[in-house]
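Next comes target08.txt, a file with compact mmCIF, C-alpha atoms.
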```txt
# COMPACT_ATOMS: atom_id res chain seq x y z
CA MET K 233 61.34 59.51 129.21
CA ARG K 234 60.53 62.83 127.56
CA VAL K 235 59.78 63.20 123.84
CA VAL K 236 58.96 65.83 121.25
CA ILE K 237 56.48 64.93 118.50
CA ALA K 238 56.74 66.50 115.03
CA GLU K 239 53.70 65.59 112.91
CA ASP K 240 51.63 67.91 110.72
CA SER K 241 48.48 65.77 110.95
CA VAL K 242 46.71 67.20 114.01
CA LEU K 243 44.75 63.98 114.47
CA LEU K 244 47.81 61.72 114.45
CA GLN K 245 49.74 64.20 116.58
CA ALA K 246 47.03 64.12 119.24
CA GLY K 247 46.74 60.35 119.03
CA LEU K 248 50.46 59.86 119.51
CA ALA K 249 50.55 62.23 122.47
CA ARG K 250 47.66 60.43 124.11
CA LEU K 251 49.00 56.89 123.69
CA LEU K 252 52.46 57.92 124.89
CA GLY K 253 50.95 59.62 127.91
CA LEU K 254 49.05 56.44 128.76
CA ALA K 255 52.36 54.57 128.52
CA GLY K 256 53.94 56.88 131.07
CA ILE K 257 56.02 58.84 128.56
CA GLU K 258 56.09 62.62 128.93
CA VAL K 259 55.38 64.61 125.78
CA ALA K 260 57.38 67.82 126.17
CA ALA K 261 56.06 69.42 122.98
CA THR K 262 54.04 68.73 119.83
CA VAL K 263 54.86 70.63 116.65
CA GLY K 264 53.73 70.62 113.04
CA ASP K 265 56.80 71.68 111.06
CA ALA K 266 60.55 71.08 110.95
CA GLU K 267 61.62 74.58 111.99
CA THR K 268 59.52 74.46 115.15
CA LEU K 269 60.82 70.95 115.83
CA LEU K 270 64.41 72.16 116.01
CA THR K 271 63.38 74.98 118.34
CA ALA K 272 61.54 72.50 120.59
CA VAL K 273 64.49 70.11 120.72
CA ALA K 274 66.86 72.95 121.62
CA GLU K 275 64.49 74.13 124.36
CA HIS K 276 63.42 70.82 125.91
CA GLN K 277 66.44 68.56 125.21
CA PRO K 278 64.17 65.49 125.09
CA ASP K 279 65.28 61.87 125.22
CA ALA K 280 63.78 61.31 121.78
CA ALA K 281 62.11 63.09 118.88
CA ILE K 282 59.35 61.39 116.90
CA VAL K 283 59.46 62.94 113.42
CA ASP K 284 57.29 62.65 110.33
CA VAL K 285 59.45 62.35 107.21
CA ARG K 286 57.28 64.74 105.18
CA MET K 287 56.19 68.05 106.71
CA PRO K 288 55.29 71.59 105.60
CA PRO K 289 55.89 73.60 103.59
CA THR K 290 56.74 71.27 100.69
CA HIS K 291 55.95 67.87 102.25
CA THR K 292 59.10 66.39 100.74
CA ASP K 293 62.15 65.93 102.97
CA GLU K 294 61.78 68.57 105.70
CA GLY K 295 61.44 65.95 108.41
CA ILE K 296 64.48 63.94 107.41
CA LYS K 297 66.60 67.09 107.08
CA ALA K 298 65.56 68.16 110.58
CA ALA K 299 66.38 64.68 111.89
CA LEU K 300 69.88 64.91 110.42
CA VAL K 301 70.35 68.29 112.11
CA ILE K 302 69.22 66.81 115.44
CA ARG K 303 71.63 63.91 115.13
CA ARG K 304 74.46 66.32 114.37
CA GLN K 305 73.74 69.05 116.92
CA TRP K 306 72.13 67.02 119.72
CA PRO K 307 73.57 63.49 119.46
CA ALA K 308 72.09 62.53 122.84
CA VAL K 309 68.57 62.92 121.39
CA ALA K 310 67.26 59.74 119.77
CA VAL K 311 65.27 60.08 116.54
CA LEU K 312 62.34 57.89 115.52
CA MET K 313 61.10 58.65 112.01
CA LEU K 314 57.55 57.89 110.92
CA SER K 315 56.57 57.56 107.27
CA GLN K 316 53.42 56.70 105.35
CA TYR K 317 55.46 54.45 103.08
CA VAL K 318 59.04 53.28 102.70
CA GLU K 319 61.36 55.97 101.33
CA GLU K 320 64.67 54.17 100.85
CA ARG K 321 66.80 57.20 100.04
CA TYR K 322 65.75 59.04 103.19
CA ALA K 323 66.18 55.95 105.35
CA ALA K 324 69.65 55.40 103.91
CA ASP K 325 70.58 59.05 104.59
CA LEU K 326 69.46 58.74 108.19
CA LEU K 327 71.38 55.51 108.78
CA SER K 328 74.52 56.40 106.88
CA ALA K 329 76.38 58.11 109.73
CA ASN K 330 75.32 56.24 112.85
CA THR K 331 72.83 53.46 113.50
CA SER K 332 72.48 54.04 117.25
CA LYS K 333 69.57 56.00 118.71
CA VAL K 334 67.65 55.86 115.43
CA GLY K 335 64.46 54.30 114.19
CA TYR K 336 62.38 54.32 111.00
CA LEU K 337 58.85 52.92 111.16
CA LEU K 338 55.83 53.00 108.91
CA LYS K 339 52.87 54.83 110.44
CA ASP K 340 50.82 51.63 110.32
CA ARG K 341 52.99 50.31 113.18
CA VAL K 342 51.56 52.96 115.51
CA ALA K 343 48.34 50.93 115.59
CA ASP K 344 50.18 48.29 117.62
CA VAL K 345 50.72 50.49 120.67
CA ALA K 346 52.86 48.01 122.62
CA GLU K 347 55.15 47.43 119.64
CA PHE K 348 55.45 51.16 118.93
CA VAL K 349 56.24 52.09 122.54
CA ASP K 350 58.78 49.26 122.73
CA ALA K 351 60.47 50.56 119.56
CA LEU K 352 60.57 54.10 120.98
CA ARG K 353 62.08 52.93 124.27
CA ARG K 354 64.65 50.83 122.41
CA VAL K 355 65.74 53.78 120.28
CA ALA K 356 65.90 56.13 123.27
CA ALA K 357 68.10 53.58 125.06
CA GLY K 358 70.63 53.73 122.24
CA GLY K 359 69.34 50.97 120.00
CA THR K 360 67.80 50.78 116.54
CA ALA K 361 64.22 50.13 115.40
CA LEU K 362 63.71 49.55 111.70
CA ASP K 363 60.44 48.55 110.10
CA PRO K 364 60.78 45.17 108.32
CA GLU K 365 59.57 46.83 105.13
CA VAL K 366 62.31 49.43 105.39
CA VAL K 367 64.96 46.72 105.78
CA ALA K 368 63.61 44.83 102.78
CA GLN K 369 63.59 47.92 100.58
CA LEU K 370 67.11 48.94 101.62
CA LEU K 371 68.39 45.47 100.74
CA LEU K 372 66.79 45.73 97.30
CA ARG K 373 67.75 49.35 96.72
CA HIS K 374 71.06 48.83 94.93
CA ASN K 375 70.03 45.69 93.09
CA SER K 376 66.85 46.68 91.32
CA ASP K 377 65.43 48.90 88.65
CA PRO K 378 64.29 52.08 90.42
CA LEU K 379 60.88 51.75 88.76
CA GLU K 380 60.42 48.42 90.53
CA ARG K 381 60.35 50.31 93.83
CA LEU K 382 57.07 51.99 92.90
CA THR K 383 53.81 50.73 94.35
CA ARG K 384 50.91 49.88 92.06
CA ARG K 385 49.23 53.21 92.82
CA GLU K 386 52.46 55.15 92.19
CA ARG K 387 52.78 53.42 88.81
CA GLU K 388 49.20 54.41 88.00
CA VAL K 389 49.98 58.03 88.86
CA LEU K 390 53.19 57.97 86.81
CA ALA K 391 51.37 56.47 83.83
CA LEU K 392 48.84 59.30 83.94
CA MET K 393 51.66 61.83 84.29
CA ALA K 394 53.16 60.33 81.13
CA GLU K 395 49.86 61.07 79.38
CA GLY K 396 50.33 64.73 80.26
CA ARG K 397 47.60 64.78 82.90
CA ALA K 398 47.58 67.52 85.52
CA ASN K 399 47.28 66.65 89.21
CA ALA K 400 43.59 67.56 89.31
CA ASP K 401 42.88 65.28 86.36
CA ILE K 402 44.88 62.44 87.91
CA ALA K 403 42.94 62.84 91.17
CA GLU K 404 39.62 62.70 89.33
CA THR K 405 40.66 59.65 87.30
CA LEU K 406 41.88 57.68 90.31
CA VAL K 407 39.13 59.00 92.62
CA ILE K 408 41.60 60.33 95.19
CA THR K 409 42.39 63.81 96.49
CA GLU K 410 44.86 66.18 94.86
CA SER K 411 46.82 66.09 98.11
CA ALA K 412 47.13 62.31 97.78
CA VAL K 413 48.30 62.73 94.19
CA ALA K 414 50.97 65.21 95.30
CA LYS K 415 52.20 62.79 97.96
CA HIS K 416 52.37 59.94 95.44
CA ILE K 417 54.34 62.15 93.04
CA ASN K 418 56.79 63.13 95.76
CA ALA K 419 57.22 59.44 96.61
CA ILE K 420 57.89 58.71 92.92
CA PHE K 421 60.58 61.40 92.84
CA ALA K 422 62.21 59.97 95.98
CA LYS K 423 62.16 56.38 94.71
CA LEU K 424 63.61 57.40 91.35
CA ASP K 425 66.37 59.35 93.14
CA LEU K 426 65.19 62.64 91.65
CA ALA K 427 66.27 65.11 94.30
CA PRO K 428 65.12 68.75 94.34
CA GLY K 429 67.32 70.71 91.96
CA ALA K 430 67.68 67.78 89.57
CA GLY K 431 65.84 69.71 86.87
CA ASP K 432 62.18 69.25 85.93
CA ARG K 433 61.58 66.15 88.04
CA ARG K 434 58.15 65.53 86.55
CA VAL K 435 59.64 65.33 83.05
CA LEU K 436 62.57 63.18 84.21
CA ALA K 437 60.22 60.75 85.96
CA VAL K 438 58.10 60.42 82.84
CA LEU K 439 61.17 59.87 80.67
CA ARG K 440 62.31 57.00 82.89
CA TYR K 441 58.85 55.48 82.72
CA LEU K 442 58.75 55.75 78.93
CA GLN K 443 62.27 54.31 78.58
CA GLU K 444 61.11 51.18 80.45
CA GLY K 445 58.24 50.76 78.04
```

Rendering of file as structure tokens:
Amino acid sequence: MRVVIAEDSVLLQAGLARLLGLAGIEVAATVGDAETLLTAVAEHQPDAAIVDVRMPPTHTDEGIKAALVIRRQWPAVAVLMLSQYVEERYAADLLSANTSKVGYLLKDRVADVAEFVDALRRVAAGGTALDPEVVAQLLLRHNSDPLERLTRREREVLALMAEGRANADIAETLVITESAVAKHINAIFAKLDLAPGAGDRRVLAVLRYLQEG
């Protein structure tokens, strides 16, 4: 089996390539952004593409958009998405057209090498591999208040946003990096169904939070 890996974290990218190599899986290419991913898939025609949901330049939905292009233009190429946390809207988009040759796993699952490799092989063979957390969130998606989808940390970030805090101030208050704050905010937008172009998403997110209170 031949795969292409799209992951902007150099450390995780190298780790994935190494563990797949040890499992006898050929890594045809490793890339760090969605545009290069599409070029690599066109060039190598791999059996599967392992794709991070969030990649440069905006770290929002570049990965999922690229995955949808792959499924449309190269249907023989399986797609296994990796995400730091469950993003129901993106998972639903990926699964809406066809549930064969597709997987969506949390990055924590990579730690169990045997389980991860088994999931990859299953997807490449035409099956489906969905993280249990993804399944649970998709089942709850249409029957819950969107704010209930937020993790405790995401609620903390949103509460500070509602106070008018800037990202740097939020990072200092929660003792995390500004990059982590940005990722939490993007997750909040996704979970509240605030797509790019929906207006000032920061303001809309805060309004929904305040309406709950």

**Item:** Which residue of K:Ala260, K:Leu392, K:Ile282, K:Leu300 approaches Glu404 in chain K most closely, using all atoms listed in the file
**Value:**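 Of the candidates, the smallest distance to Glu404 in chain K is held by K:Leu392.
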
**Prompt:** Smallest atom-to-atom distance to Pro288 in chain K: which of K:Leu244, K:Ala238, K:Leu326, K:Ala308, using all atoms listed in the file?
**Reply:** K:Ala238

**Prompt:** Do you have the CA of Gly247 in chain K-CA of Gly358 in chain K distance handy?
**Reply:**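 Separating CA of Gly247 in chain K from CA of Gly358 in chain K is a distance of 25.0 Å.
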
As lines of an AutoDock Vina configuration file, what would the box around range 414-433 of chain K look like: edges along x, y and z, 6 Å added on every side, centre and edge lengths in Å to one decimal?
```
center_x = 59.3
center_y = 63.5
center_z = 91.9
size_x = 28.7
size_y = 26.3
size_z = 24.0
```

**Item:** Å distance separating CA of Asp350 in chain K from CA of Val273 in chain K, one decimal place
**Value:**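 Spanning CA of Asp350 in chain K to CA of Val273 in chain K is a straight-line distance of 21.7 Å.
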
**Asked** Quick one, how far is CA of Phe421 in chain K from CA of Ala281 in chain K?
**Response**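 Computing the Euclidean distance for CA of Phe421 in chain K and CA of Ala281 in chain K yields 26.1 Å.
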
Could you add N, CA, C and O atoms to range 239-256 of chain K and give me the result as a compact mmCIF listing (two decimals), in the coordinates of the input?
```
# COMPACT_ATOMS: atom_id res chain seq x y z
N GLU K 239 54.65 66.23 113.83
CA GLU K 239 53.70 65.59 112.91
C GLU K 239 52.69 66.65 112.49
O GLU K 239 52.07 67.28 113.35
N ASP K 240 52.52 66.84 111.17
CA ASP K 240 51.63 67.91 110.72
C ASP K 240 50.16 67.51 110.71
O ASP K 240 49.29 68.36 110.61
N SER K 241 49.87 66.21 110.83
CA SER K 241 48.48 65.77 110.95
C SER K 241 48.06 65.96 112.41
O SER K 241 48.56 65.28 113.31
N VAL K 242 47.14 66.89 112.65
CA VAL K 242 46.71 67.20 114.01
C VAL K 242 46.12 65.97 114.68
O VAL K 242 46.35 65.71 115.87
N LEU K 243 45.38 65.17 113.91
CA LEU K 243 44.75 63.98 114.47
C LEU K 243 45.79 62.97 114.93
O LEU K 243 45.72 62.44 116.06
N LEU K 244 46.76 62.68 114.08
CA LEU K 244 47.81 61.72 114.45
C LEU K 244 48.67 62.27 115.57
O LEU K 244 49.07 61.53 116.49
N GLN K 245 48.94 63.56 115.53
CA GLN K 245 49.74 64.20 116.58
C GLN K 245 49.07 64.01 117.94
O GLN K 245 49.71 63.61 118.92
N ALA K 246 47.77 64.27 117.99
CA ALA K 246 47.03 64.12 119.24
C ALA K 246 46.97 62.66 119.68
O ALA K 246 47.09 62.36 120.88
N GLY K 247 46.79 61.77 118.71
CA GLY K 247 46.74 60.35 119.03
C GLY K 247 48.04 59.84 119.61
O GLY K 247 48.05 59.08 120.59
N LEU K 248 49.15 60.26 119.01
CA LEU K 248 50.46 59.86 119.51
C LEU K 248 50.69 60.38 120.92
O LEU K 248 51.17 59.65 121.80
N ALA K 249 50.35 61.63 121.15
CA ALA K 249 50.55 62.23 122.47
C ALA K 249 49.73 61.49 123.52
O ALA K 249 50.23 61.23 124.63
N ARG K 250 48.53 61.12 123.16
CA ARG K 250 47.66 60.43 124.11
C ARG K 250 48.19 59.04 124.44
O ARG K 250 48.29 58.66 125.61
N LEU K 251 48.56 58.26 123.42
CA LEU K 251 49.00 56.89 123.69
C LEU K 251 50.34 56.88 124.44
O LEU K 251 50.58 56.01 125.28
N LEU K 252 51.20 57.87 124.17
CA LEU K 252 52.46 57.92 124.89
C LEU K 252 52.22 58.32 126.34
O LEU K 252 52.87 57.81 127.26
N GLY K 253 51.29 59.23 126.55
CA GLY K 253 50.95 59.62 127.91
C GLY K 253 50.43 58.44 128.72
O GLY K 253 50.79 58.26 129.89
N LEU K 254 49.58 57.63 128.10
CA LEU K 254 49.05 56.44 128.76
C LEU K 254 50.15 55.43 129.08
O LEU K 254 50.03 54.63 130.00
N ALA K 255 51.24 55.48 128.30
CA ALA K 255 52.36 54.57 128.52
C ALA K 255 53.37 55.12 129.51
O ALA K 255 54.42 54.53 129.74
N GLY K 256 53.05 56.29 130.08
CA GLY K 256 53.94 56.88 131.07
C GLY K 256 55.09 57.67 130.50
O GLY K 256 56.08 57.93 131.18
```
